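Have a look at my_file_5.cif; it's mmCIF, N, CA and C atoms:
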```
data_work
#
loop_
_atom_site.label_atom_id
_atom_site.label_comp_id
_atom_site.auth_asym_id
_atom_site.auth_seq_id
_atom_site.Cartn_x
_atom_site.Cartn_y
_atom_site.Cartn_z
N MET H 1 -86.12 -166.63 84.13
CA MET H 1 -86.80 -165.64 83.33
C MET H 1 -87.74 -166.35 82.35
N ILE H 2 -88.92 -165.80 82.17
CA ILE H 2 -89.92 -166.39 81.29
C ILE H 2 -89.71 -165.88 79.86
N HIS H 3 -89.75 -166.80 78.91
CA HIS H 3 -89.63 -166.48 77.49
C HIS H 3 -90.87 -166.98 76.77
N GLU H 4 -91.10 -166.46 75.60
CA GLU H 4 -92.20 -166.94 74.76
C GLU H 4 -91.62 -167.87 73.70
N PHE H 5 -92.13 -169.09 73.64
CA PHE H 5 -91.68 -170.09 72.68
C PHE H 5 -92.82 -170.43 71.73
N LYS H 6 -92.45 -170.67 70.48
CA LYS H 6 -93.42 -171.14 69.51
C LYS H 6 -93.28 -172.67 69.45
N VAL H 7 -94.39 -173.36 69.69
CA VAL H 7 -94.38 -174.82 69.69
C VAL H 7 -95.27 -175.31 68.55
N ALA H 8 -94.69 -176.03 67.63
CA ALA H 8 -95.44 -176.65 66.54
C ALA H 8 -95.58 -178.13 66.86
N TYR H 9 -96.79 -178.64 66.76
CA TYR H 9 -97.00 -180.05 67.07
C TYR H 9 -98.10 -180.62 66.18
N ARG H 10 -98.10 -181.94 66.07
CA ARG H 10 -99.13 -182.63 65.29
C ARG H 10 -99.54 -183.87 66.05
N LEU H 11 -100.84 -184.04 66.21
CA LEU H 11 -101.39 -185.23 66.84
C LEU H 11 -101.80 -186.21 65.75
N SER H 12 -101.81 -187.48 66.08
CA SER H 12 -102.21 -188.47 65.08
C SER H 12 -103.63 -188.16 64.61
N GLY H 13 -103.80 -188.20 63.29
CA GLY H 13 -105.12 -187.97 62.72
C GLY H 13 -105.52 -186.51 62.61
N SER H 14 -104.60 -185.59 62.85
CA SER H 14 -104.96 -184.17 62.73
C SER H 14 -103.85 -183.41 62.02
N ARG H 15 -104.08 -182.15 61.78
CA ARG H 15 -103.07 -181.35 61.09
C ARG H 15 -102.15 -180.67 62.10
N ARG H 16 -101.07 -180.15 61.60
CA ARG H 16 -100.08 -179.48 62.43
C ARG H 16 -100.65 -178.19 63.02
N ARG H 17 -100.35 -177.93 64.27
CA ARG H 17 -100.80 -176.72 64.95
C ARG H 17 -99.61 -176.01 65.55
N THR H 18 -99.73 -174.71 65.68
CA THR H 18 -98.67 -173.90 66.29
C THR H 18 -99.29 -173.04 67.37
N VAL H 19 -98.68 -173.05 68.55
CA VAL H 19 -99.15 -172.24 69.67
C VAL H 19 -97.96 -171.51 70.30
N LEU H 20 -98.25 -170.43 71.00
CA LEU H 20 -97.23 -169.72 71.77
C LEU H 20 -97.33 -170.15 73.22
N VAL H 21 -96.19 -170.44 73.83
CA VAL H 21 -96.15 -170.92 75.20
C VAL H 21 -95.15 -170.08 75.98
N ASN H 22 -95.57 -169.58 77.14
CA ASN H 22 -94.65 -168.87 78.03
C ASN H 22 -94.02 -169.90 78.96
N ALA H 23 -92.69 -169.96 78.96
CA ALA H 23 -91.98 -170.95 79.78
C ALA H 23 -90.56 -170.47 80.05
N GLU H 24 -89.89 -171.15 80.97
CA GLU H 24 -88.52 -170.79 81.32
C GLU H 24 -87.50 -171.35 80.34
N SER H 25 -87.84 -172.48 79.69
CA SER H 25 -86.90 -173.10 78.75
C SER H 25 -87.69 -173.81 77.65
N ALA H 26 -86.98 -174.20 76.60
CA ALA H 26 -87.62 -174.91 75.49
C ALA H 26 -88.18 -176.25 75.96
N SER H 27 -87.45 -176.96 76.81
CA SER H 27 -87.95 -178.25 77.30
C SER H 27 -89.18 -178.05 78.18
N ASP H 28 -89.22 -176.97 78.95
CA ASP H 28 -90.38 -176.67 79.77
C ASP H 28 -91.59 -176.38 78.87
N ALA H 29 -91.38 -175.66 77.78
CA ALA H 29 -92.47 -175.37 76.84
C ALA H 29 -93.01 -176.65 76.23
N ARG H 30 -92.11 -177.54 75.83
CA ARG H 30 -92.53 -178.84 75.25
C ARG H 30 -93.30 -179.65 76.28
N ASN H 31 -92.81 -179.67 77.52
CA ASN H 31 -93.49 -180.42 78.58
C ASN H 31 -94.88 -179.87 78.88
N ARG H 32 -95.05 -178.55 78.77
CA ARG H 32 -96.36 -177.95 78.99
C ARG H 32 -97.36 -178.40 77.94
N ILE H 33 -96.92 -178.52 76.69
CA ILE H 33 -97.80 -179.01 75.62
C ILE H 33 -98.17 -180.46 75.88
N ILE H 34 -97.19 -181.28 76.22
CA ILE H 34 -97.44 -182.70 76.49
C ILE H 34 -98.42 -182.85 77.66
N HIS H 35 -98.23 -182.05 78.71
CA HIS H 35 -99.12 -182.11 79.87
C HIS H 35 -100.55 -181.72 79.46
N ALA H 36 -100.70 -180.69 78.64
CA ALA H 36 -102.03 -180.26 78.20
C ALA H 36 -102.71 -181.34 77.36
N ILE H 37 -101.94 -182.00 76.50
CA ILE H 37 -102.49 -183.08 75.67
C ILE H 37 -102.93 -184.24 76.55
N ASN H 38 -102.10 -184.62 77.51
CA ASN H 38 -102.45 -185.72 78.42
C ASN H 38 -103.70 -185.41 79.23
N ALA H 39 -103.82 -184.18 79.72
CA ALA H 39 -105.00 -183.79 80.49
C ALA H 39 -106.26 -183.85 79.62
N ALA H 40 -106.16 -183.39 78.38
CA ALA H 40 -107.31 -183.44 77.47
C ALA H 40 -107.71 -184.88 77.17
N GLN H 41 -106.73 -185.76 77.03
CA GLN H 41 -107.01 -187.18 76.78
C GLN H 41 -107.77 -187.78 77.94
N GLN H 42 -107.36 -187.46 79.16
CA GLN H 42 -108.03 -188.01 80.34
C GLN H 42 -109.46 -187.52 80.45
N ARG H 43 -109.68 -186.24 80.10
CA ARG H 43 -111.04 -185.70 80.18
C ARG H 43 -111.95 -186.32 79.12
N SER H 44 -111.41 -186.62 77.95
CA SER H 44 -112.25 -187.11 76.86
C SER H 44 -112.24 -188.63 76.70
N ASN H 45 -111.39 -189.31 77.45
CA ASN H 45 -111.23 -190.77 77.30
C ASN H 45 -110.87 -191.16 75.88
N ARG H 46 -110.10 -190.33 75.21
CA ARG H 46 -109.67 -190.58 73.83
C ARG H 46 -108.14 -190.55 73.79
N PHE H 47 -107.54 -191.51 73.13
CA PHE H 47 -106.09 -191.59 73.07
C PHE H 47 -105.59 -191.07 71.73
N VAL H 48 -104.57 -190.20 71.77
CA VAL H 48 -103.94 -189.72 70.54
C VAL H 48 -102.42 -189.80 70.72
N ASN H 49 -101.71 -189.92 69.62
CA ASN H 49 -100.25 -189.91 69.65
C ASN H 49 -99.75 -188.52 69.29
N LEU H 50 -98.69 -188.10 69.94
CA LEU H 50 -98.01 -186.87 69.57
C LEU H 50 -96.98 -187.28 68.52
N ASP H 51 -97.28 -187.02 67.25
CA ASP H 51 -96.43 -187.45 66.14
C ASP H 51 -95.24 -186.52 65.93
N TYR H 52 -95.39 -185.26 66.31
CA TYR H 52 -94.36 -184.27 65.98
C TYR H 52 -94.44 -183.14 66.98
N CYS H 53 -93.31 -182.67 67.46
CA CYS H 53 -93.29 -181.51 68.35
C CYS H 53 -91.95 -180.80 68.19
N GLU H 54 -92.00 -179.52 67.81
CA GLU H 54 -90.79 -178.72 67.61
C GLU H 54 -90.95 -177.40 68.34
N VAL H 55 -89.91 -177.00 69.08
CA VAL H 55 -89.96 -175.77 69.85
C VAL H 55 -88.93 -174.79 69.30
N SER H 56 -89.34 -173.54 69.09
CA SER H 56 -88.40 -172.50 68.67
C SER H 56 -88.68 -171.23 69.46
N GLU H 57 -87.69 -170.39 69.58
CA GLU H 57 -87.84 -169.17 70.38
C GLU H 57 -88.27 -168.03 69.51
#
```
Let me see the file written as structure tokens.
Amino acid sequence: MIHEFKVAYRLSGSRRRTVLVNAESASDARNRIIHAINAAQQRSNRFVNLDYCEVSE
């Protein structure tokens, strides 16, 4: 079953952001954010660190 999770994260050099993610589990929601960040890094050839990531329902 799909649930809506609130994911708060912060990348190095930026402020904290919060997004809503539809996923089956909290770990799936976190993995979706990490995958999106990695894809954006590859497109821009820019490296950033994920300093903080918290998932809540």
Around (-101.9, -189.2, 71.8) in the file's frame, which residues reach within 7 Å when counting all atoms listed in the file? Return as a PyMOL selection string?
chain H and resi 11-12+37+46-51
Would you please give, as a list in words, all residues of chain H that DSSP assigns to strand (DSSP E or B) based on the backbone?
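These are the residues in question: His3, Glu4, Phe5, Lys6, Val7, Ala8, Tyr9, Arg10, Leu11, Arg17, Thr18, Val19, Leu20, Val21, Asn22, Ala23, Leu50, Asp51, Tyr52, Cys53, Glu54, Val55 and Ser56 of chain H.
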Selection in question (the file shown): the PyMOL selection byres (((chain H and resi 1-6 and name CA) around 7) and name CA). Which residues does it include, as a list in words?
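So the PyMOL selection byres (((chain H and resi 1-6 and name CA) around 7) and name CA) ends up selecting Val7, Ala8, Thr18, Val19, Leu20, Val21, Asn22, Ala23, Glu24, Ala26, Ala29, Val55, Ser56 and Glu57 of chain H.
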Please report, as JSON, numbers by chain, each residue of chain H to which DSSP assigns alpha helix (DSSP H) when run on this structure's backbone.
{"H": [26, 27, 28, 29, 30, 31, 32, 33, 34, 35, 36, 37, 38, 39, 40, 41, 42, 43, 44]}
Between atom N of Ser27 of chain H and atom CA of Gln41 of chain H - distance in Å to one decimal
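Atom N of Ser27 of chain H lies at a distance of 22.1 Å from atom CA of Gln41 of chain H.
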What separation in Å, quoted to one decimal, exists between atom CA of Asn45 of chain H and atom N of Arg30 of chain H?
23.3 Å
One-decimal distance in Å that lies between atom CA of Tyr52 of chain H and atom N of Arg17 of chain H:
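About the pair atom N of Arg17 of chain H and atom CA of Tyr52 of chain H: they are 8.9 Å apart.
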Pick from H:Cys53, H:Ile34, H:Asp28, H:Ser44: nearest to Arg10 of chain H, with all atoms listed in the file counted?
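Of H:Cys53, H:Ile34, H:Asp28, H:Ser44, the one nearest Arg10 of chain H, counting all atoms listed in the file, is H:Cys53.
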